[in-house]
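Participant: Pasting in a structure now, in structure tokens, and then I'll have a few things to ask.
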Amino acid sequence: MDLANKDELFELGFRTWKVSSRNGTFYSPIFNKRILRYDLNVMQPYSENDNNSNIIEDIIARSIPIEINWEIGKTIVLDNWACLHARPKVDETSTARTLQRIMII
Amino acid sequence: MSEFKSVWDYDALWEKAKIYAQKSLNEEREGVMFPFWSALTLEFLGRATLAKVHPVLLADPRDGSNILYVFGHIKSNFSPKSIPAKTVFDRCLNIVSNFTKKEFDNCLALIDRRNEELHSGSGAFEDYPTKIWLSNYYHVCKILLEFQEKDLKELFGKDEAEAAKEMIVEADKEVIKEVNSRIASYKKVFFDLSEEEQKEKHEFGKTTIRTTYIPYKKVEKCVCCDSDALISGKQISATDAKLVEGEIIQEINVLPTSFTCFSCGLKFTNHSELTVAGYGGQYTIIDYHDPAEYHGIDVPTEDFDPEMMFDYGND
């Protein structure tokens, strides 16, 4: 969020979105206390006035994404609440992807 | 194990307060829904204030299960109960240093009307002009926001926050004295006139208002001579233009900043003076737009022949 100016940061923290989660729906801005949350599969603006997706899309367009090329043995640790992360578009027929999750307490 | 978040989590209550604040700002200022949504905003702001200290402050202590719930110990089929609004503000009295009995009373004034609206058949927010409550409401919001290390614009947005700041500036004793003295002296001059002269002044005031154009104008009775007088102000916000019964209209919310009575000559020149005189608060005006002008359509007039129009369809 170093790329965002003061007005953009304010807008991203001010407008409210509805977020669907396993535990139900809750309300959140896109940027709140260092947590960045933006996934249109599970989020929608609370009202028309709250739709500030153009701002975050603009910031994303200005950013230089860090590409990760996975290799056997490679491990990356990142704070997935503070980093927006995505994978490139995949083919509909592609099935070669496995996600495994562990929790370190 | 992920951290348990109760329904009284600070972030959740804060977002609710923001949602209700935005709902309120979409309403006409002198309508009934503006104070209604504002009452909910205030309640959630109060609850968020307590949750900022700890969510357990919102648990109804009459049932220990509510307290256990806050710490993640949940019975099956349990529905957590929270303290009522009055208790929320009573706790704010103890916790927020500059939240005094005066702020408590101002909160209860709005909350009691909300309760009356929801639990009775009466129109609790009818005849409840913004000049009575809005300035106090913004003042309380500012205090609770500061406790949460936030400011007015984070709840109301930049435009409304600017208007709120202007409304919160309390008239000092000198302003109150000056305004009351001005009203008294203009009143003496006006009512020293003969009845005939007073009537002429009333008529002159009415005519002048009809022929005076100033932006955002509103007509009110003069506190001095009871003639029609003119109030104007500055725009706080405006709704998007909409089509209503074939006309394009926009609702503009205005902060009153000037008062002129053309009958007795009484004038006020800032919001503080207007508030002391009883003309504070905010108001909404409807702005009408010519459809062609609004959409930037150039309606050609050079080739227009009215004779053609009258003959149309008569061949």
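Letters A, B, ... go to the chains of the structure tokens in the order shown; residues in each chain start at 1; ligands are counted from 1 in the same order.
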Using only C-alpha atoms and a distance of at most 8 Å, pull out the residues of chain B that contact chain A, as a VMD selection string.
Facilitator: chain B and resid 1 11 to 12 15 to 16 18 to 19 154 to 155 157
Participant: Please report, as number ranges by chain, each residue of chain A to which DSSP assigns alpha helix (DSSP H) when run on this structure's backbone.
Facilitator: A: 6-14, 53-62
Participant: With a distance cut-off of 12 Å and only C-alpha atoms, select the neighbouring residues of A:Glu57, excluding the residue or stretch itself and same-chain residues fewer than 3 positions from it, and output the selection as a compact mmCIF listing (two decimals) with all heavy atoms, in the first residue's frame.
Facilitator:
```
# COMPACT_ATOMS: atom_id res chain seq x y z
N ALA A 4 -0.24 3.63 -2.69
CA ALA A 4 -1.48 4.39 -2.59
C ALA A 4 -1.22 5.75 -1.99
O ALA A 4 -0.41 5.89 -1.08
CB ALA A 4 -2.47 3.62 -1.72
N GLU A 8 -6.52 7.85 -1.51
CA GLU A 8 -6.86 6.46 -1.86
C GLU A 8 -6.93 5.60 -0.60
O GLU A 8 -7.85 4.80 -0.43
CB GLU A 8 -5.84 5.88 -2.83
CG GLU A 8 -5.97 6.43 -4.25
CD GLU A 8 -4.81 6.02 -5.15
OE1 GLU A 8 -3.68 5.81 -4.62
OE2 GLU A 8 -5.01 5.94 -6.36
N LEU A 12 -10.23 3.60 0.71
CA LEU A 12 -10.21 2.14 0.87
C LEU A 12 -10.56 1.73 2.29
O LEU A 12 -11.04 0.62 2.52
CB LEU A 12 -8.83 1.58 0.49
CG LEU A 12 -8.48 1.66 -1.00
CD1 LEU A 12 -7.07 1.17 -1.26
CD2 LEU A 12 -9.47 0.85 -1.85
N ILE A 30 -11.97 -2.47 2.36
CA ILE A 30 -10.92 -3.19 1.65
C ILE A 30 -9.61 -3.13 2.44
O ILE A 30 -8.85 -4.09 2.49
CB ILE A 30 -10.73 -2.61 0.23
CG1 ILE A 30 -11.92 -3.02 -0.64
CG2 ILE A 30 -9.43 -3.07 -0.40
CD1 ILE A 30 -11.90 -2.42 -2.04
N TYR A 38 -9.50 -8.17 -0.70
CA TYR A 38 -10.15 -7.84 -1.97
C TYR A 38 -10.29 -9.09 -2.81
O TYR A 38 -9.35 -9.52 -3.47
CB TYR A 38 -9.36 -6.76 -2.73
CG TYR A 38 -10.04 -6.30 -4.00
CD1 TYR A 38 -11.28 -5.65 -3.95
CD2 TYR A 38 -9.46 -6.50 -5.25
CE1 TYR A 38 -11.92 -5.23 -5.11
CE2 TYR A 38 -10.10 -6.08 -6.41
CZ TYR A 38 -11.31 -5.43 -6.33
OH TYR A 38 -11.95 -5.01 -7.48
N ASP A 39 -11.45 -9.69 -2.79
CA ASP A 39 -11.73 -10.89 -3.55
C ASP A 39 -13.19 -10.82 -3.98
O ASP A 39 -14.10 -11.01 -3.17
CB ASP A 39 -11.47 -12.15 -2.70
CG ASP A 39 -11.69 -13.44 -3.47
OD1 ASP A 39 -12.26 -13.39 -4.57
OD2 ASP A 39 -11.29 -14.50 -2.97
N LEU A 40 -13.41 -10.54 -5.28
CA LEU A 40 -14.78 -10.34 -5.76
C LEU A 40 -15.59 -11.64 -5.78
O LEU A 40 -16.80 -11.59 -6.00
CB LEU A 40 -14.75 -9.69 -7.15
CG LEU A 40 -14.16 -8.28 -7.15
CD1 LEU A 40 -14.10 -7.71 -8.58
CD2 LEU A 40 -14.97 -7.34 -6.25
N ASN A 51 -18.93 1.21 -3.68
CA ASN A 51 -18.12 0.49 -4.68
C ASN A 51 -16.90 1.30 -5.07
O ASN A 51 -16.96 2.15 -5.95
CB ASN A 51 -18.97 0.17 -5.91
CG ASN A 51 -18.24 -0.78 -6.84
OD1 ASN A 51 -17.08 -1.13 -6.63
ND2 ASN A 51 -18.92 -1.23 -7.88
N ASN A 52 -15.81 1.05 -4.38
CA ASN A 52 -14.55 1.74 -4.69
C ASN A 52 -13.55 0.77 -5.32
O ASN A 52 -12.33 0.95 -5.19
CB ASN A 52 -13.97 2.39 -3.43
CG ASN A 52 -13.76 1.39 -2.31
OD1 ASN A 52 -14.10 0.21 -2.44
ND2 ASN A 52 -13.20 1.84 -1.21
N SER A 53 -14.04 -0.24 -6.03
CA SER A 53 -13.14 -1.22 -6.64
C SER A 53 -12.23 -0.56 -7.67
O SER A 53 -11.11 -1.02 -7.90
CB SER A 53 -13.91 -2.38 -7.26
OG SER A 53 -14.92 -1.90 -8.11
N ASN A 54 -12.69 0.56 -8.26
CA ASN A 54 -11.83 1.22 -9.25
C ASN A 54 -10.52 1.70 -8.61
O ASN A 54 -9.47 1.71 -9.25
CB ASN A 54 -12.57 2.40 -9.90
CG ASN A 54 -12.97 3.45 -8.90
OD1 ASN A 54 -13.47 3.13 -7.84
ND2 ASN A 54 -12.75 4.71 -9.21
N ILE A 60 -3.53 -1.71 -8.10
CA ILE A 60 -2.99 -2.99 -8.58
C ILE A 60 -2.33 -2.81 -9.95
O ILE A 60 -1.25 -3.33 -10.22
CB ILE A 60 -4.10 -4.07 -8.65
CG1 ILE A 60 -4.56 -4.45 -7.24
CG2 ILE A 60 -3.61 -5.32 -9.39
CD1 ILE A 60 -5.80 -5.31 -7.18
N ALA A 61 -2.99 -2.00 -10.81
CA ALA A 61 -2.43 -1.79 -12.16
C ALA A 61 -1.10 -1.05 -12.09
O ALA A 61 -0.23 -1.25 -12.93
CB ALA A 61 -3.44 -1.00 -12.99
N ARG A 62 -0.92 -0.21 -11.07
CA ARG A 62 0.32 0.55 -10.93
C ARG A 62 1.42 -0.28 -10.27
O ARG A 62 2.59 0.08 -10.31
CB ARG A 62 0.11 1.79 -10.05
CG ARG A 62 -0.89 2.78 -10.58
CD ARG A 62 -0.76 4.14 -9.92
NE ARG A 62 -0.85 4.13 -8.47
CZ ARG A 62 -1.91 4.53 -7.79
NH1 ARG A 62 -3.00 4.91 -8.40
NH2 ARG A 62 -1.89 4.55 -6.46
N SER A 63 1.04 -1.39 -9.67
CA SER A 63 2.03 -2.16 -8.91
C SER A 63 2.79 -3.11 -9.82
O SER A 63 2.37 -3.41 -10.93
CB SER A 63 1.33 -2.94 -7.80
OG SER A 63 0.54 -3.97 -8.38
N LEU A 84 -1.98 -8.76 -1.13
CA LEU A 84 -2.95 -9.28 -2.09
C LEU A 84 -2.22 -10.30 -2.93
O LEU A 84 -1.12 -10.04 -3.41
CB LEU A 84 -3.46 -8.16 -3.00
CG LEU A 84 -4.59 -7.28 -2.49
CD1 LEU A 84 -5.02 -6.32 -3.57
CD2 LEU A 84 -5.78 -8.10 -2.01
```
Participant: Check the smallest atom-to-atom distance from each of B:Pro55, B:Pro61, B:Gly123, B:Gly46 to B:Ile143 using only C-alpha atoms, then report the winner.
Facilitator: B:Gly46
Participant: Would you mind reading off the distance between atom CA of B:Tyr279 and atom CA of B:Lys131, one decimal, in Å?
Facilitator: 6.4 Å
Participant: Would you list the contacts of stretch 258-260 of chain B as a PyMOL selection string, taking every protein, DNA or RNA residue within 12 Å and counting only C-alpha atoms, but skipping same-chain residues closer than 4 positions in sequence?
Facilitator: chain B and resi 205-206+208-209+212+214-225+227-234+254+264-275+277-280
Participant: Since we have the selection now, will you write its residues out, keeping N, CA and C atoms, as a short mmCIF file (atom, residue, chain, number, x, y, z; two decimals), in the first residue's frame?
Facilitator:
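And here's again29.cif as it stands now:
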```
data_model
loop_
_atom_site.label_atom_id
_atom_site.label_comp_id
_atom_site.auth_asym_id
_atom_site.auth_seq_id
_atom_site.Cartn_x
_atom_site.Cartn_y
_atom_site.Cartn_z
N GLY B 205 -40.95 43.10 2.38
CA GLY B 205 -40.12 41.91 2.62
C GLY B 205 -40.55 40.77 1.72
N LYS B 206 -41.86 40.53 1.63
CA LYS B 206 -42.39 39.42 0.82
C LYS B 206 -42.01 39.61 -0.64
N THR B 208 -39.63 41.44 -1.95
CA THR B 208 -38.18 41.35 -2.17
C THR B 208 -37.73 39.90 -2.21
N ILE B 209 -38.27 39.09 -1.33
CA ILE B 209 -37.90 37.66 -1.32
C ILE B 209 -38.28 37.02 -2.64
N THR B 212 -35.79 37.98 -5.25
CA THR B 212 -34.35 37.82 -4.95
C THR B 212 -33.92 36.41 -5.28
N ILE B 214 -30.91 33.90 -4.64
CA ILE B 214 -29.62 33.50 -4.07
C ILE B 214 -29.63 31.97 -4.05
N PRO B 215 -28.45 31.37 -4.16
CA PRO B 215 -28.44 29.90 -4.18
C PRO B 215 -28.87 29.32 -2.84
N TYR B 216 -29.52 28.19 -2.89
CA TYR B 216 -29.91 27.42 -1.70
C TYR B 216 -30.81 28.21 -0.76
N LYS B 217 -31.72 29.00 -1.30
CA LYS B 217 -32.51 29.85 -0.42
C LYS B 217 -33.68 29.09 0.21
N LYS B 218 -34.02 29.55 1.41
CA LYS B 218 -35.13 28.98 2.17
C LYS B 218 -35.81 30.12 2.89
N VAL B 219 -37.15 30.06 2.98
CA VAL B 219 -37.89 31.13 3.65
C VAL B 219 -38.29 30.68 5.04
N GLU B 220 -38.03 31.54 6.03
CA GLU B 220 -38.39 31.24 7.43
C GLU B 220 -39.01 32.49 8.03
N LYS B 221 -39.73 32.31 9.12
CA LYS B 221 -40.30 33.48 9.81
C LYS B 221 -39.20 34.19 10.59
N CYS B 222 -39.22 35.49 10.54
CA CYS B 222 -38.20 36.28 11.25
C CYS B 222 -38.47 36.24 12.75
N VAL B 223 -37.41 36.00 13.52
CA VAL B 223 -37.54 35.88 14.97
C VAL B 223 -37.86 37.24 15.60
N CYS B 224 -37.62 38.30 14.83
CA CYS B 224 -37.84 39.65 15.36
C CYS B 224 -39.24 40.16 15.01
N CYS B 225 -39.59 40.19 13.70
CA CYS B 225 -40.83 40.84 13.29
C CYS B 225 -41.86 39.87 12.73
N SER B 227 -42.00 38.45 9.94
CA SER B 227 -42.19 38.49 8.48
C SER B 227 -41.50 37.27 7.88
N ASP B 228 -41.73 37.07 6.59
CA ASP B 228 -40.93 36.08 5.86
C ASP B 228 -39.53 36.62 5.72
N ALA B 229 -38.55 35.78 6.00
CA ALA B 229 -37.14 36.17 5.89
C ALA B 229 -36.40 35.12 5.08
N LEU B 230 -35.21 35.48 4.66
CA LEU B 230 -34.47 34.62 3.75
C LEU B 230 -33.24 34.02 4.41
N ILE B 231 -33.14 32.70 4.28
CA ILE B 231 -31.94 32.01 4.77
C ILE B 231 -31.24 31.43 3.56
N SER B 232 -29.92 31.48 3.57
CA SER B 232 -29.17 30.74 2.54
C SER B 232 -27.95 30.13 3.21
N GLY B 233 -27.19 29.34 2.45
CA GLY B 233 -26.07 28.66 3.08
C GLY B 233 -25.13 28.09 2.05
N LYS B 234 -24.38 27.10 2.51
CA LYS B 234 -23.46 26.45 1.58
C LYS B 234 -23.76 24.96 1.46
N VAL B 254 -27.87 21.52 2.79
CA VAL B 254 -27.30 22.86 2.95
C VAL B 254 -27.03 23.16 4.43
N CYS B 264 -37.53 44.01 8.63
CA CYS B 264 -37.00 44.78 9.76
C CYS B 264 -35.50 45.06 9.63
N GLY B 265 -34.83 44.38 8.67
CA GLY B 265 -33.40 44.62 8.46
C GLY B 265 -32.47 43.73 9.26
N LEU B 266 -33.05 42.81 10.06
CA LEU B 266 -32.20 41.94 10.89
C LEU B 266 -31.37 41.02 9.99
N LYS B 267 -30.07 40.86 10.37
CA LYS B 267 -29.19 39.98 9.58
C LYS B 267 -28.30 39.16 10.51
N PHE B 268 -28.00 37.94 10.04
CA PHE B 268 -26.97 37.11 10.70
C PHE B 268 -26.06 36.58 9.61
N THR B 269 -24.79 36.45 9.92
CA THR B 269 -23.84 36.17 8.83
C THR B 269 -23.00 34.90 9.02
N ASN B 270 -23.25 34.11 10.04
CA ASN B 270 -22.53 32.83 10.12
C ASN B 270 -23.39 31.81 10.88
N HIS B 271 -22.99 30.56 10.81
CA HIS B 271 -23.81 29.48 11.37
C HIS B 271 -23.98 29.61 12.87
N SER B 272 -22.94 30.09 13.52
CA SER B 272 -22.98 30.25 14.98
C SER B 272 -24.11 31.21 15.37
N GLU B 273 -24.17 32.36 14.70
CA GLU B 273 -25.21 33.35 15.00
C GLU B 273 -26.59 32.77 14.68
N LEU B 274 -26.68 32.07 13.57
CA LEU B 274 -27.97 31.49 13.19
C LEU B 274 -28.43 30.48 14.24
N THR B 275 -27.48 29.71 14.77
CA THR B 275 -27.84 28.70 15.78
C THR B 275 -28.40 29.38 17.02
N ALA B 277 -29.85 32.18 17.21
CA ALA B 277 -31.15 32.78 16.88
C ALA B 277 -32.22 31.74 16.62
N GLY B 278 -31.85 30.47 16.59
CA GLY B 278 -32.84 29.40 16.37
C GLY B 278 -32.96 28.94 14.93
N TYR B 279 -31.96 29.24 14.10
CA TYR B 279 -31.99 28.84 12.70
C TYR B 279 -30.86 27.87 12.36
N GLY B 280 -30.34 27.13 13.35
CA GLY B 280 -29.23 26.22 13.12
C GLY B 280 -29.68 24.96 12.38
#
```
Participant: So that I can see what lies close to A:Ser20, please list as a VMD selection string the residues with an atom at most 8 Å from it, counting only C-alpha atoms and leaving out residues fewer than 3 positions away in the same chain.
Facilitator: chain A and resid 24 to 26 42 to 43
Participant: Would you compute the distance between atom CA of B:Asn98 and atom CA of B:His54? Give it in Å to one decimal.
Facilitator: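 Atom CA of B:Asn98 sits 19.3 Å away from atom CA of B:His54.
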Participant: Going by DSSP on the backbone, which bits of chain A are strand (DSSP E)? Write them as a list in words, please.
Facilitator: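 Filtering chain A down to strand (DSSP E) leaves Trp17, Lys18, Val19, Ser20, Ser21, Gly24, Thr25, Phe26, Tyr27, Ser28, Phe31, Asn32, Ile35, Leu36, Met43, Gln44 and Pro45 of chain A.
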